[in-house]
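Participant: Structure: start12.cif, mmCIF, C-alpha atoms and all ligand atoms.
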```
data_target
loop_
_atom_site.group_PDB
_atom_site.id
_atom_site.type_symbol
_atom_site.label_atom_id
_atom_site.label_comp_id
_atom_site.auth_asym_id
_atom_site.auth_seq_id
_atom_site.Cartn_x
_atom_site.Cartn_y
_atom_site.Cartn_z
ATOM 1 C CA MET A 1 -3.526 -9.771 0.644
ATOM 2 C CA GLU A 2 -1.182 -11.961 2.718
ATOM 3 C CA ASN A 3 -2.597 -15.026 0.992
ATOM 4 C CA ALA A 4 -2.264 -13.479 -2.464
ATOM 5 C CA ASN A 5 1.386 -12.654 -1.769
ATOM 6 C CA GLN A 6 2.029 -16.202 -0.603
ATOM 7 C CA ILE A 7 0.470 -17.609 -3.790
ATOM 8 C CA LYS A 8 2.592 -15.286 -5.924
ATOM 9 C CA ASN A 9 5.769 -16.302 -4.130
ATOM 10 C CA ILE A 10 4.959 -19.970 -4.746
ATOM 11 C CA VAL A 11 4.264 -19.218 -8.422
ATOM 12 C CA LYS A 12 7.516 -17.244 -8.721
ATOM 13 C CA GLU A 13 9.515 -20.032 -7.111
ATOM 14 C CA LYS A 14 7.948 -22.674 -9.343
ATOM 15 C CA TYR A 15 8.574 -20.784 -12.592
ATOM 16 C CA GLY A 16 12.027 -19.750 -11.411
ATOM 17 C CA GLU A 17 12.867 -23.444 -11.095
ATOM 18 C CA ILE A 18 11.392 -24.201 -14.523
ATOM 19 C CA ALA A 19 13.402 -21.364 -16.089
ATOM 20 C CA LYS A 20 16.578 -22.638 -14.466
ATOM 21 C CA ALA A 21 15.922 -26.145 -15.691
ATOM 22 C CA GLN A 22 15.223 -24.612 -19.122
ATOM 23 C CA GLY A 23 14.193 -26.931 -21.840
ATOM 24 C CA GLU A 24 12.756 -29.487 -19.460
ATOM 25 C CA LYS A 25 9.206 -29.820 -20.744
ATOM 26 C CA SER A 26 6.904 -29.832 -17.744
ATOM 27 C CA CYS A 27 4.220 -27.129 -18.230
ATOM 28 C CA CYS A 28 2.858 -25.155 -15.299
ATOM 29 C CA GLY A 29 4.061 -27.722 -12.786
ATOM 30 C CA SER A 30 7.510 -28.255 -11.412
ATOM 31 C CA SER A 31 6.989 -31.966 -10.916
ATOM 32 C CA LYS A 32 7.622 -34.543 -13.611
ATOM 33 C CA VAL A 33 4.276 -36.214 -12.875
ATOM 34 C CA VAL A 34 2.633 -33.111 -14.322
ATOM 35 C CA ASP A 35 1.843 -33.562 -17.989
ATOM 36 C CA TYR A 36 1.651 -30.206 -19.606
ATOM 37 C CA THR A 37 1.404 -31.458 -23.121
ATOM 38 C CA MET A 38 -2.323 -31.888 -22.548
ATOM 39 C CA PHE A 39 -2.621 -28.087 -22.389
ATOM 40 C CA GLN A 40 -0.329 -26.698 -25.026
ATOM 41 C CA ASP A 41 -1.230 -26.743 -28.694
ATOM 42 C CA SER A 42 1.502 -27.407 -31.222
ATOM 43 C CA TYR A 43 3.569 -24.404 -32.296
ATOM 44 C CA ASP A 44 5.158 -26.325 -35.158
ATOM 45 C CA ASN A 45 3.266 -24.454 -37.874
ATOM 46 C CA LEU A 46 3.616 -21.008 -36.357
ATOM 47 C CA GLU A 47 6.047 -18.718 -38.077
ATOM 48 C CA GLY A 48 8.555 -17.243 -35.656
ATOM 49 C CA HIS A 49 8.429 -20.199 -33.265
ATOM 50 C CA VAL A 50 11.700 -20.448 -31.361
ATOM 51 C CA GLN A 51 12.367 -23.839 -29.815
ATOM 52 C CA ASP A 52 14.552 -22.473 -26.986
ATOM 53 C CA ALA A 53 11.718 -20.185 -25.867
ATOM 54 C CA ASP A 54 9.139 -22.970 -25.849
ATOM 55 C CA LEU A 55 9.002 -24.512 -22.392
ATOM 56 C CA GLY A 56 5.658 -26.175 -23.079
ATOM 57 C CA LEU A 57 3.878 -23.882 -20.609
ATOM 58 C CA GLY A 58 0.997 -22.567 -22.701
ATOM 59 C CA CYS A 59 -2.604 -23.708 -23.037
ATOM 60 C CA GLY A 60 -3.594 -22.239 -26.405
ATOM 61 C CA LEU A 61 -2.268 -20.236 -29.338
ATOM 62 C CA PRO A 62 -3.370 -16.651 -28.629
ATOM 63 C CA THR A 63 -1.311 -15.193 -31.493
ATOM 64 C CA GLU A 64 -3.289 -17.308 -33.985
ATOM 65 C CA VAL A 65 -6.537 -15.372 -33.437
ATOM 66 C CA ALA A 66 -5.227 -12.135 -31.895
ATOM 67 C CA GLY A 67 -5.406 -10.150 -35.143
ATOM 68 C CA ILE A 68 -1.886 -8.789 -34.732
ATOM 69 C CA LYS A 69 -0.896 -6.507 -37.633
ATOM 70 C CA THR A 70 2.371 -5.212 -39.048
ATOM 71 C CA GLY A 71 3.547 -2.227 -37.022
ATOM 72 C CA ASP A 72 1.497 -3.065 -33.894
ATOM 73 C CA THR A 73 2.824 -2.702 -30.372
ATOM 74 C CA VAL A 74 2.067 -5.992 -28.609
ATOM 75 C CA LEU A 75 2.335 -6.780 -24.885
ATOM 76 C CA ASP A 76 2.608 -10.424 -23.726
ATOM 77 C CA LEU A 77 1.648 -10.935 -20.072
ATOM 78 C CA GLY A 78 3.536 -13.673 -18.233
ATOM 79 C CA CYS A 79 5.771 -14.102 -21.259
ATOM 80 C CA GLY A 80 7.965 -16.834 -19.765
ATOM 81 C CA ALA A 81 10.983 -17.485 -21.999
ATOM 82 C CA GLY A 82 9.380 -15.475 -24.833
ATOM 83 C CA ASN A 83 7.504 -18.175 -26.748
ATOM 84 C CA ASP A 84 4.573 -16.016 -27.892
ATOM 85 C CA VAL A 85 6.703 -12.857 -27.972
ATOM 86 C CA PHE A 86 8.828 -14.229 -30.815
ATOM 87 C CA VAL A 87 5.771 -15.419 -32.764
ATOM 88 C CA ALA A 88 4.235 -11.949 -32.299
ATOM 89 C CA ARG A 89 7.528 -10.371 -33.444
ATOM 90 C CA THR A 90 7.131 -12.125 -36.800
ATOM 91 C CA LEU A 91 3.622 -10.673 -37.104
ATOM 92 C CA VAL A 92 4.501 -7.061 -36.204
ATOM 93 C CA GLY A 93 7.649 -7.069 -38.359
ATOM 94 C CA ASN A 94 10.444 -4.507 -38.169
ATOM 95 C CA ASP A 95 8.105 -1.548 -37.690
ATOM 96 C CA GLY A 96 6.247 -2.887 -34.662
ATOM 97 C CA LYS A 97 7.316 -3.653 -31.148
ATOM 98 C CA VAL A 98 6.774 -6.550 -28.731
ATOM 99 C CA ILE A 99 7.096 -6.250 -24.963
ATOM 100 C CA GLY A 100 7.176 -9.359 -22.765
ATOM 101 C CA LEU A 101 6.309 -8.913 -19.092
ATOM 102 C CA ASP A 102 7.002 -11.480 -16.375
ATOM 103 C CA MET A 103 7.442 -11.278 -12.607
ATOM 104 C CA THR A 104 9.991 -14.132 -12.415
ATOM 105 C CA GLU A 105 13.551 -12.878 -12.759
ATOM 106 C CA ASP A 106 14.927 -16.172 -14.085
ATOM 107 C CA MET A 107 12.272 -16.205 -16.847
ATOM 108 C CA ILE A 108 13.147 -12.668 -17.905
ATOM 109 C CA GLU A 109 16.852 -13.581 -17.966
ATOM 110 C CA LEU A 110 16.113 -16.626 -20.103
ATOM 111 C CA ALA A 111 13.905 -14.590 -22.459
ATOM 112 C CA GLU A 112 16.613 -11.935 -22.811
ATOM 113 C CA LYS A 113 19.194 -14.612 -23.524
ATOM 114 C CA ASN A 114 16.938 -15.991 -26.254
ATOM 115 C CA ASN A 115 16.508 -12.526 -27.742
ATOM 116 C CA ARG A 116 20.245 -11.845 -27.725
ATOM 117 C CA LYS A 117 20.671 -14.917 -29.943
ATOM 118 C CA LEU A 118 17.962 -13.649 -32.304
ATOM 119 C CA GLY A 119 19.111 -10.032 -32.252
ATOM 120 C CA PHE A 120 15.666 -8.345 -32.398
ATOM 121 C CA GLY A 121 15.988 -4.647 -31.595
ATOM 122 C CA ASN A 122 12.228 -4.204 -31.265
ATOM 123 C CA VAL A 123 11.667 -6.907 -28.621
ATOM 124 C CA GLU A 124 11.902 -5.908 -24.973
ATOM 125 C CA PHE A 125 11.428 -7.904 -21.779
ATOM 126 C CA ARG A 126 10.327 -6.206 -18.563
ATOM 127 C CA LEU A 127 10.312 -7.553 -15.038
ATOM 128 C CA GLY A 128 7.023 -6.718 -13.363
ATOM 129 C CA GLU A 129 3.636 -7.820 -12.113
ATOM 130 C CA ILE A 130 0.479 -7.979 -14.183
ATOM 131 C CA GLU A 131 -1.495 -6.360 -11.358
ATOM 132 C CA LYS A 132 0.782 -3.299 -11.514
ATOM 133 C CA MET A 133 2.334 -3.232 -14.951
ATOM 134 C CA PRO A 134 5.366 -1.088 -15.712
ATOM 135 C CA VAL A 135 3.623 -0.028 -18.935
ATOM 136 C CA GLU A 136 2.275 3.383 -19.973
ATOM 137 C CA ASP A 137 -1.464 4.135 -20.229
ATOM 138 C CA ASP A 138 -3.054 3.847 -23.711
ATOM 139 C CA SER A 139 0.135 2.578 -25.342
ATOM 140 C CA ILE A 140 -0.613 -0.973 -26.574
ATOM 141 C CA ASP A 141 -2.421 -2.219 -29.713
ATOM 142 C CA VAL A 142 -2.809 -5.875 -28.688
ATOM 143 C CA VAL A 143 -2.345 -7.551 -25.297
ATOM 144 C CA ILE A 144 -1.782 -11.305 -25.431
ATOM 145 C CA SER A 145 -1.215 -13.878 -22.694
ATOM 146 C CA ASN A 146 -0.925 -17.642 -22.582
ATOM 147 C CA CYS A 147 -1.942 -19.697 -19.545
ATOM 148 C CA VAL A 148 -1.044 -17.027 -16.999
ATOM 149 C CA LEU A 149 -4.070 -15.166 -15.635
ATOM 150 C CA ASN A 150 -5.353 -18.316 -13.899
ATOM 151 C CA LEU A 151 -2.219 -18.035 -11.736
ATOM 152 C CA VAL A 152 -2.887 -14.424 -10.713
ATOM 153 C CA PRO A 153 -4.929 -14.127 -7.507
ATOM 154 C CA ASP A 154 -6.437 -10.709 -8.356
ATOM 155 C CA LYS A 155 -8.053 -11.202 -11.772
ATOM 156 C CA GLU A 156 -10.121 -7.980 -11.473
ATOM 157 C CA LYS A 157 -6.963 -5.927 -11.078
ATOM 158 C CA SER A 158 -5.304 -7.814 -13.965
ATOM 159 C CA PHE A 159 -8.103 -6.966 -16.407
ATOM 160 C CA ALA A 160 -8.294 -3.382 -15.101
ATOM 161 C CA GLU A 161 -4.573 -3.070 -15.876
ATOM 162 C CA ILE A 162 -5.037 -4.570 -19.340
ATOM 163 C CA TYR A 163 -7.750 -1.955 -19.945
ATOM 164 C CA ARG A 164 -5.484 0.853 -18.734
ATOM 165 C CA VAL A 165 -2.548 0.025 -21.036
ATOM 166 C CA LEU A 166 -4.581 -0.615 -24.216
ATOM 167 C CA LYS A 167 -5.173 2.227 -26.656
ATOM 168 C CA SER A 168 -8.788 3.220 -27.211
ATOM 169 C CA GLY A 169 -10.419 0.673 -29.585
ATOM 170 C CA ALA A 170 -7.520 -1.778 -29.136
ATOM 171 C CA HIS A 171 -8.016 -5.346 -27.938
ATOM 172 C CA PHE A 172 -6.641 -8.289 -25.983
ATOM 173 C CA CYS A 173 -6.558 -12.015 -26.783
ATOM 174 C CA VAL A 174 -5.679 -14.429 -23.992
ATOM 175 C CA SER A 175 -5.626 -18.206 -23.612
ATOM 176 C CA ASP A 176 -6.405 -19.428 -20.124
ATOM 177 C CA ILE A 177 -7.808 -22.264 -18.022
ATOM 178 C CA VAL A 178 -11.380 -21.996 -16.700
ATOM 179 C CA ILE A 179 -13.859 -24.326 -15.072
ATOM 180 C CA GLU A 180 -17.491 -24.947 -15.958
ATOM 181 C CA GLY A 181 -19.977 -26.425 -13.508
ATOM 182 C CA GLU A 182 -19.279 -27.552 -9.979
ATOM 183 C CA LEU A 183 -16.038 -29.483 -9.946
ATOM 184 C CA ASN A 184 -15.553 -31.122 -6.600
ATOM 185 C CA GLU A 185 -12.572 -29.869 -4.634
ATOM 186 C CA GLU A 186 -10.788 -33.235 -4.487
ATOM 187 C CA LEU A 187 -10.984 -33.652 -8.248
ATOM 188 C CA LYS A 188 -9.754 -30.065 -8.676
ATOM 189 C CA LYS A 189 -6.773 -30.816 -6.430
ATOM 190 C CA SER A 190 -6.002 -34.049 -8.263
ATOM 191 C CA ALA A 191 -6.312 -32.344 -11.626
ATOM 192 C CA GLU A 192 -3.812 -29.739 -10.385
ATOM 193 C CA MET A 193 -1.410 -32.516 -9.417
ATOM 194 C CA TYR A 194 -1.986 -34.243 -12.713
ATOM 195 C CA ALA A 195 -1.955 -31.333 -15.116
ATOM 196 C CA GLY A 196 -1.099 -28.135 -13.216
ATOM 197 C CA CYS A 197 -2.619 -24.681 -13.824
ATOM 198 C CA VAL A 198 -5.985 -25.687 -12.361
ATOM 199 C CA ALA A 199 -5.787 -24.568 -8.718
ATOM 200 C CA GLY A 200 -6.252 -20.865 -9.493
ATOM 201 C CA ALA A 201 -8.764 -21.357 -12.313
ATOM 202 C CA ILE A 202 -12.217 -19.829 -11.803
ATOM 203 C CA GLN A 203 -15.635 -20.435 -13.361
ATOM 204 C CA LYS A 204 -15.871 -19.436 -17.022
ATOM 205 C CA ASP A 205 -18.913 -17.176 -16.412
ATOM 206 C CA GLU A 206 -17.144 -15.409 -13.570
ATOM 207 C CA TYR A 207 -14.055 -14.962 -15.763
ATOM 208 C CA LEU A 208 -16.081 -13.443 -18.609
ATOM 209 C CA GLY A 209 -17.995 -11.305 -16.082
ATOM 210 C CA ILE A 210 -14.738 -9.832 -14.750
ATOM 211 C CA ILE A 211 -13.741 -8.903 -18.308
ATOM 212 C CA GLU A 212 -17.047 -7.105 -18.885
ATOM 213 C CA LYS A 213 -16.883 -5.383 -15.520
ATOM 214 C CA ALA A 214 -13.441 -4.025 -16.440
ATOM 215 C CA GLY A 215 -15.196 -2.154 -19.283
ATOM 216 C CA PHE A 216 -14.422 -4.351 -22.296
ATOM 217 C CA LYS A 217 -16.876 -4.760 -25.200
ATOM 218 C CA ASN A 218 -17.467 -7.503 -27.764
ATOM 219 C CA VAL A 219 -16.199 -10.270 -25.485
ATOM 220 C CA ASP A 220 -15.736 -13.338 -27.680
ATOM 221 C CA VAL A 221 -14.578 -16.856 -26.781
ATOM 222 C CA ALA A 222 -12.788 -17.590 -30.047
ATOM 223 C CA LYS A 223 -11.682 -21.098 -29.045
ATOM 224 C CA SER A 224 -12.519 -23.619 -26.352
ATOM 225 C CA LYS A 225 -10.817 -26.932 -25.697
ATOM 226 C CA THR A 226 -11.654 -29.542 -23.090
ATOM 227 C CA ILE A 227 -8.805 -30.596 -20.850
ATOM 228 C CA THR A 228 -9.129 -34.362 -20.810
ATOM 229 C CA LEU A 229 -8.491 -36.047 -17.508
ATOM 230 C CA PRO A 230 -8.010 -39.813 -17.353
ATOM 231 C CA ASP A 231 -10.942 -42.006 -16.348
ATOM 232 C CA HIS A 232 -9.197 -43.403 -13.275
ATOM 233 C CA LEU A 233 -8.980 -39.881 -11.846
ATOM 234 C CA LEU A 234 -12.576 -39.021 -12.713
ATOM 235 C CA GLN A 235 -13.974 -42.284 -11.346
ATOM 236 C CA LYS A 236 -12.165 -41.776 -8.072
ATOM 237 C CA TYR A 237 -13.824 -38.439 -7.335
ATOM 238 C CA LEU A 238 -17.127 -38.328 -9.235
ATOM 239 C CA ASP A 239 -20.324 -40.278 -8.666
ATOM 240 C CA ASP A 240 -22.127 -41.728 -11.708
ATOM 241 C CA GLU A 241 -24.296 -38.660 -12.268
ATOM 242 C CA SER A 242 -21.388 -36.186 -12.041
ATOM 243 C CA LEU A 243 -19.296 -38.437 -14.265
ATOM 244 C CA ALA A 244 -22.052 -38.385 -16.893
ATOM 245 C CA ASP A 245 -22.202 -34.556 -16.635
ATOM 246 C CA TYR A 246 -18.436 -34.427 -16.965
ATOM 247 C CA LYS A 247 -18.492 -36.614 -20.062
ATOM 248 C CA ASN A 248 -21.315 -34.509 -21.545
ATOM 249 C CA ARG A 249 -19.080 -31.490 -20.953
ATOM 250 C CA GLU A 250 -21.534 -29.843 -18.600
ATOM 251 C CA ILE A 251 -18.775 -29.744 -16.039
ATOM 252 C CA GLY A 252 -15.080 -29.787 -16.668
ATOM 253 C CA ILE A 253 -11.814 -27.967 -17.144
ATOM 254 C CA PHE A 254 -11.385 -25.964 -20.330
ATOM 255 C CA SER A 255 -8.731 -23.997 -22.105
ATOM 256 C CA ILE A 256 -10.341 -20.942 -23.700
ATOM 257 C CA THR A 257 -8.965 -18.239 -25.958
ATOM 258 C CA VAL A 258 -10.941 -15.085 -25.331
ATOM 259 C CA LYS A 259 -10.823 -11.696 -27.057
ATOM 260 C CA ALA A 260 -12.362 -8.337 -26.167
ATOM 261 C CA GLU A 261 -12.046 -4.666 -27.147
ATOM 262 C CA LYS A 262 -11.467 -1.517 -25.132
HETATM 263 C C1 LIG A 301 2.330 -21.105 -17.266
HETATM 264 S S1 LIG A 301 3.674 -19.997 -17.496
HETATM 265 C C2 LIG A 301 3.355 -19.406 -19.131
HETATM 266 C C3 LIG A 301 4.568 -18.812 -19.791
HETATM 267 C C4 LIG A 301 4.360 -18.360 -21.240
HETATM 268 N N1 LIG A 301 3.181 -17.571 -21.405
HETATM 269 C C5 LIG A 301 4.346 -19.535 -22.175
HETATM 270 O O1 LIG A 301 3.287 -19.860 -22.730
HETATM 271 O O2 LIG A 301 5.400 -20.152 -22.355
HETATM 272 C C6 LIG A 301 3.207 -18.618 -16.479
HETATM 273 C C7 LIG A 301 4.168 -17.433 -16.460
HETATM 274 O O3 LIG A 301 3.495 -16.324 -15.891
HETATM 275 C C8 LIG A 301 4.318 -15.644 -14.977
HETATM 276 N N2 LIG A 301 3.437 -14.997 -13.980
HETATM 277 C C9 LIG A 301 2.564 -15.601 -13.151
HETATM 278 N N3 LIG A 301 1.917 -14.684 -12.410
HETATM 279 C C10 LIG A 301 2.379 -13.461 -12.790
HETATM 280 C C11 LIG A 301 2.097 -12.115 -12.387
HETATM 281 N N4 LIG A 301 1.226 -11.864 -11.427
HETATM 282 N N5 LIG A 301 2.761 -11.115 -12.999
HETATM 283 C C12 LIG A 301 3.682 -11.382 -13.980
HETATM 284 N N6 LIG A 301 3.997 -12.614 -14.391
HETATM 285 C C13 LIG A 301 3.353 -13.647 -13.812
HETATM 286 C C14 LIG A 301 5.205 -16.743 -14.400
HETATM 287 O O4 LIG A 301 6.399 -16.214 -13.894
HETATM 288 C C15 LIG A 301 5.417 -17.646 -15.619
HETATM 289 O O5 LIG A 301 6.559 -17.293 -16.349
#
```
With the file now loaded, output its structure as structure tokens.

Facilitator:
Amino acid sequence: MENANQIKNIVKEKYGEIAKAQGEKSCCGSSKVVDYTMFQDSYDNLEGHVQDADLGLGCGLPTEVAGIKTGDTVLDLGCGAGNDVFVARTLVGNDGKVIGLDMTEDMIELAEKNNRKLGFGNVEFRLGEIEKMPVEDDSIDVVISNCVLNLVPDKEKSFAEIYRVLKSGAHFCVSDIVIEGELNEELKKSAEMYAGCVAGAIQKDEYLGIIEKAGFKNVDVAKSKTITLPDHLLQKYLDDESLADYKNREIGIFSITVKAEK
């Protein structure tokens, strides 16, 4: 687990820097060459969107298809500055509760600062790791997460934890980055440099397999979006045949929003 701990420390450092430089739009990556806008969908039409909480770090809109109802208790994994937490707060209303979990102290501080300005008594941020959540068994109606699980080295443990905290019959809805087909390692590295959030991404089938193995039923990919890489990057690393496969979407990098029930 030495390697996993090293990866997590790098992730923590990177997101700590982003939180400190709050407001600087540079999704998943700490470098300005990283263009996160290619991942995140627009939040403009989402009720409850709070500009200060939106660091441009997501890769989908999990709250849009999560089926969150008034009065629900929602848990957002890797909540960052609280972007999806505040949207979920609008959906659960005064009678529900939203908990944001993140392992990066600076993110939690930023999220708490945002909540102090909004004054929500039923929003709580907790410092902790997804692989060992400080959350009670069978206590959550909907787990959401946006562009986070690709960063977690132990995805099996993450989904096992999601299963543990959900009530019986409850569900999760997460947006995440996955890969389909054999993407050559150099292209994967370049895509990481270019767009971030790709290095830890696994094959879509493997990802869905882990979810099923954790015990979830009715696994459904509600949305899928191709992450478009520029031609100059693709041409540098792919031969003609692979490039054709890439263009036909048989291989590539995707943002998916996936749901499943306990
Ligand atoms: C790409 S950002 C997404 C933030 C937020 N979901 C959003 O859309 O604005 C990833 C976040 O996940 C957190 N994170 C990564 N790995 C984690 C883990 N193992 N446990 C808890 N939080 C984690 C990071 O600290 C960071 O805030």

Participant: For the file shown, what are the residues hit by the PyMOL selection byres (((chain A and resi 112) around 10) and not hetatm), laid out as a count of residues only?

Facilitator: 20

Participant: Might you spell out which residues the PyMOL selection byres (((chain A and resi 225) around 8) and not hetatm) would select in the displayed file, as a list in words?

Facilitator: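 So the PyMOL selection byres (((chain A and resi 225) around 8) and not hetatm) ends up selecting Lys223, Ser224, Thr226, Ile227, Phe254, Ser255 and Ile256 of chain A.
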
Participant: Could you report the residues within 8 Å of ligand LIG 301 (chain A), using only C-alpha atoms and all ligand atoms, as a PDB file with C-alpha atoms, in the coordinates of the input?

Facilitator:
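Below is the file that was written, pocket.pdb:
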```pdb
ATOM      1  CA  LYS A   8       2.592 -15.286  -5.924  1.00  0.00           C
ATOM      2  CA  VAL A  11       4.264 -19.218  -8.422  1.00  0.00           C
ATOM      3  CA  LYS A  12       7.516 -17.244  -8.721  1.00  0.00           C
ATOM      4  CA  TYR A  15       8.574 -20.784 -12.592  1.00  0.00           C
ATOM      5  CA  GLY A  16      12.027 -19.750 -11.411  1.00  0.00           C
ATOM      6  CA  ALA A  19      13.402 -21.364 -16.089  1.00  0.00           C
ATOM      7  CA  CYS A  27       4.220 -27.129 -18.230  1.00  0.00           C
ATOM      8  CA  CYS A  28       2.858 -25.155 -15.299  1.00  0.00           C
ATOM      9  CA  ALA A  53      11.718 -20.185 -25.867  1.00  0.00           C
ATOM     10  CA  ASP A  54       9.139 -22.970 -25.849  1.00  0.00           C
ATOM     11  CA  LEU A  55       9.002 -24.512 -22.392  1.00  0.00           C
ATOM     12  CA  GLY A  56       5.658 -26.175 -23.079  1.00  0.00           C
ATOM     13  CA  LEU A  57       3.878 -23.882 -20.609  1.00  0.00           C
ATOM     14  CA  GLY A  58       0.997 -22.567 -22.701  1.00  0.00           C
ATOM     15  CA  CYS A  59      -2.604 -23.708 -23.037  1.00  0.00           C
ATOM     16  CA  ASP A  76       2.608 -10.424 -23.726  1.00  0.00           C
ATOM     17  CA  LEU A  77       1.648 -10.935 -20.072  1.00  0.00           C
ATOM     18  CA  GLY A  78       3.536 -13.673 -18.233  1.00  0.00           C
ATOM     19  CA  CYS A  79       5.771 -14.102 -21.259  1.00  0.00           C
ATOM     20  CA  GLY A  80       7.965 -16.834 -19.765  1.00  0.00           C
ATOM     21  CA  ALA A  81      10.983 -17.485 -21.999  1.00  0.00           C
ATOM     22  CA  GLY A  82       9.380 -15.475 -24.833  1.00  0.00           C
ATOM     23  CA  ASN A  83       7.504 -18.175 -26.748  1.00  0.00           C
ATOM     24  CA  ASP A  84       4.573 -16.016 -27.892  1.00  0.00           C
ATOM     25  CA  LEU A 101       6.309  -8.913 -19.092  1.00  0.00           C
ATOM     26  CA  ASP A 102       7.002 -11.480 -16.375  1.00  0.00           C
ATOM     27  CA  MET A 103       7.442 -11.278 -12.607  1.00  0.00           C
ATOM     28  CA  THR A 104       9.991 -14.132 -12.415  1.00  0.00           C
ATOM     29  CA  GLU A 105      13.551 -12.878 -12.759  1.00  0.00           C
ATOM     30  CA  MET A 107      12.272 -16.205 -16.847  1.00  0.00           C
ATOM     31  CA  LEU A 127      10.312  -7.553 -15.038  1.00  0.00           C
ATOM     32  CA  GLY A 128       7.023  -6.718 -13.363  1.00  0.00           C
ATOM     33  CA  GLU A 129       3.636  -7.820 -12.113  1.00  0.00           C
ATOM     34  CA  ILE A 130       0.479  -7.979 -14.183  1.00  0.00           C
ATOM     35  CA  GLU A 131      -1.495  -6.360 -11.358  1.00  0.00           C
ATOM     36  CA  SER A 145      -1.215 -13.878 -22.694  1.00  0.00           C
ATOM     37  CA  ASN A 146      -0.925 -17.642 -22.582  1.00  0.00           C
ATOM     38  CA  CYS A 147      -1.942 -19.697 -19.545  1.00  0.00           C
ATOM     39  CA  VAL A 148      -1.044 -17.027 -16.999  1.00  0.00           C
ATOM     40  CA  LEU A 149      -4.070 -15.166 -15.635  1.00  0.00           C
ATOM     41  CA  LEU A 151      -2.219 -18.035 -11.736  1.00  0.00           C
ATOM     42  CA  VAL A 152      -2.887 -14.424 -10.713  1.00  0.00           C
ATOM     43  CA  PRO A 153      -4.929 -14.127  -7.507  1.00  0.00           C
ATOM     44  CA  CYS A 197      -2.619 -24.681 -13.824  1.00  0.00           C
TER      45      CYS A 197
END
```

Participant: Using atom CA of Asn9 of chain A and atom CA of Val198 of chain A as the two end points, give the distance in Å to one decimal.

Facilitator: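 Computing it gives 17.1 Å between the two atoms.
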
Participant: Report as number ranges by chain the residues that result from applying the PyMOL selection byres (((chain A and resi 213-222) around 6) and not hetatm) to the structure here.

Facilitator: A: 160, 210-212, 223, 257-262

Participant: Report, in Å to a single decimal, how far apart atom CA of His49 of chain A and atom CA of Lys20 of chain A are.

Facilitator: 20.6 Å

Participant: With distances taken over only C-alpha atoms, which of A:Tyr237, A:Tyr43, A:Tyr194, A:Phe159 is nearest to Tyr207 of chain A?

Facilitator: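 Among the listed residues, A:Phe159 lies closest to Tyr207 of chain A.
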
Participant: Determine the nearest neighbour of Leu233 of chain A from the options A:Asp137, A:Asp154, A:Glu186, A:Asp52, counting only C-alpha atoms.

Facilitator: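 So, comparing all the options, the nearest one is A:Glu186.
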
Participant: Please, what distance in Å, to one decimal, runs between atom CA of Val142 of chain A and atom CA of Ile68 of chain A?

Facilitator: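 Taking atom CA of Val142 of chain A and atom CA of Ile68 of chain A, their separation equals 6.8 Å.
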
Participant: Output segment 109-120 of chain A with N, CA and C atoms present, as an mmCIF file, in the coordinates of the input.

Facilitator:
```cif
data_model
loop_
_atom_site.group_PDB
_atom_site.id
_atom_site.type_symbol
_atom_site.label_atom_id
_atom_site.label_comp_id
_atom_site.auth_asym_id
_atom_site.auth_seq_id
_atom_site.Cartn_x
_atom_site.Cartn_y
_atom_site.Cartn_z
ATOM 1 N N GLU A 109 15.450 -13.355 -17.536
ATOM 2 C CA GLU A 109 16.852 -13.581 -17.966
ATOM 3 C C GLU A 109 16.917 -14.548 -19.137
ATOM 4 N N LEU A 110 16.132 -15.629 -19.034
ATOM 5 C CA LEU A 110 16.113 -16.626 -20.103
ATOM 6 C C LEU A 110 15.572 -16.023 -21.406
ATOM 7 N N ALA A 111 14.506 -15.232 -21.274
ATOM 8 C CA ALA A 111 13.905 -14.590 -22.459
ATOM 9 C C ALA A 111 14.910 -13.638 -23.099
ATOM 10 N N GLU A 112 15.622 -12.879 -22.268
ATOM 11 C CA GLU A 112 16.613 -11.935 -22.811
ATOM 12 C C GLU A 112 17.759 -12.673 -23.507
ATOM 13 N N LYS A 113 18.132 -13.795 -22.908
ATOM 14 C CA LYS A 113 19.194 -14.612 -23.524
ATOM 15 C C LYS A 113 18.734 -15.097 -24.902
ATOM 16 N N ASN A 114 17.476 -15.537 -24.969
ATOM 17 C CA ASN A 114 16.938 -15.991 -26.254
ATOM 18 C C ASN A 114 16.942 -14.857 -27.270
ATOM 19 N N ASN A 115 16.567 -13.657 -26.800
ATOM 20 C CA ASN A 115 16.508 -12.526 -27.742
ATOM 21 C C ASN A 115 17.900 -12.090 -28.200
ATOM 22 N N ARG A 116 18.880 -12.212 -27.308
ATOM 23 C CA ARG A 116 20.245 -11.845 -27.725
ATOM 24 C C ARG A 116 20.686 -12.717 -28.895
ATOM 25 N N LYS A 117 20.292 -14.008 -28.849
ATOM 26 C CA LYS A 117 20.671 -14.917 -29.943
ATOM 27 C C LYS A 117 19.971 -14.517 -31.247
ATOM 28 N N LEU A 118 18.740 -13.997 -31.113
ATOM 29 C CA LEU A 118 17.962 -13.649 -32.304
ATOM 30 C C LEU A 118 18.283 -12.244 -32.807
ATOM 31 N N GLY A 119 18.693 -11.386 -31.892
ATOM 32 C CA GLY A 119 19.111 -10.032 -32.252
ATOM 33 C C GLY A 119 17.984 -9.078 -32.635
ATOM 34 N N PHE A 120 16.778 -9.265 -32.082
ATOM 35 C CA PHE A 120 15.666 -8.345 -32.398
ATOM 36 C C PHE A 120 15.797 -7.057 -31.582
#
```
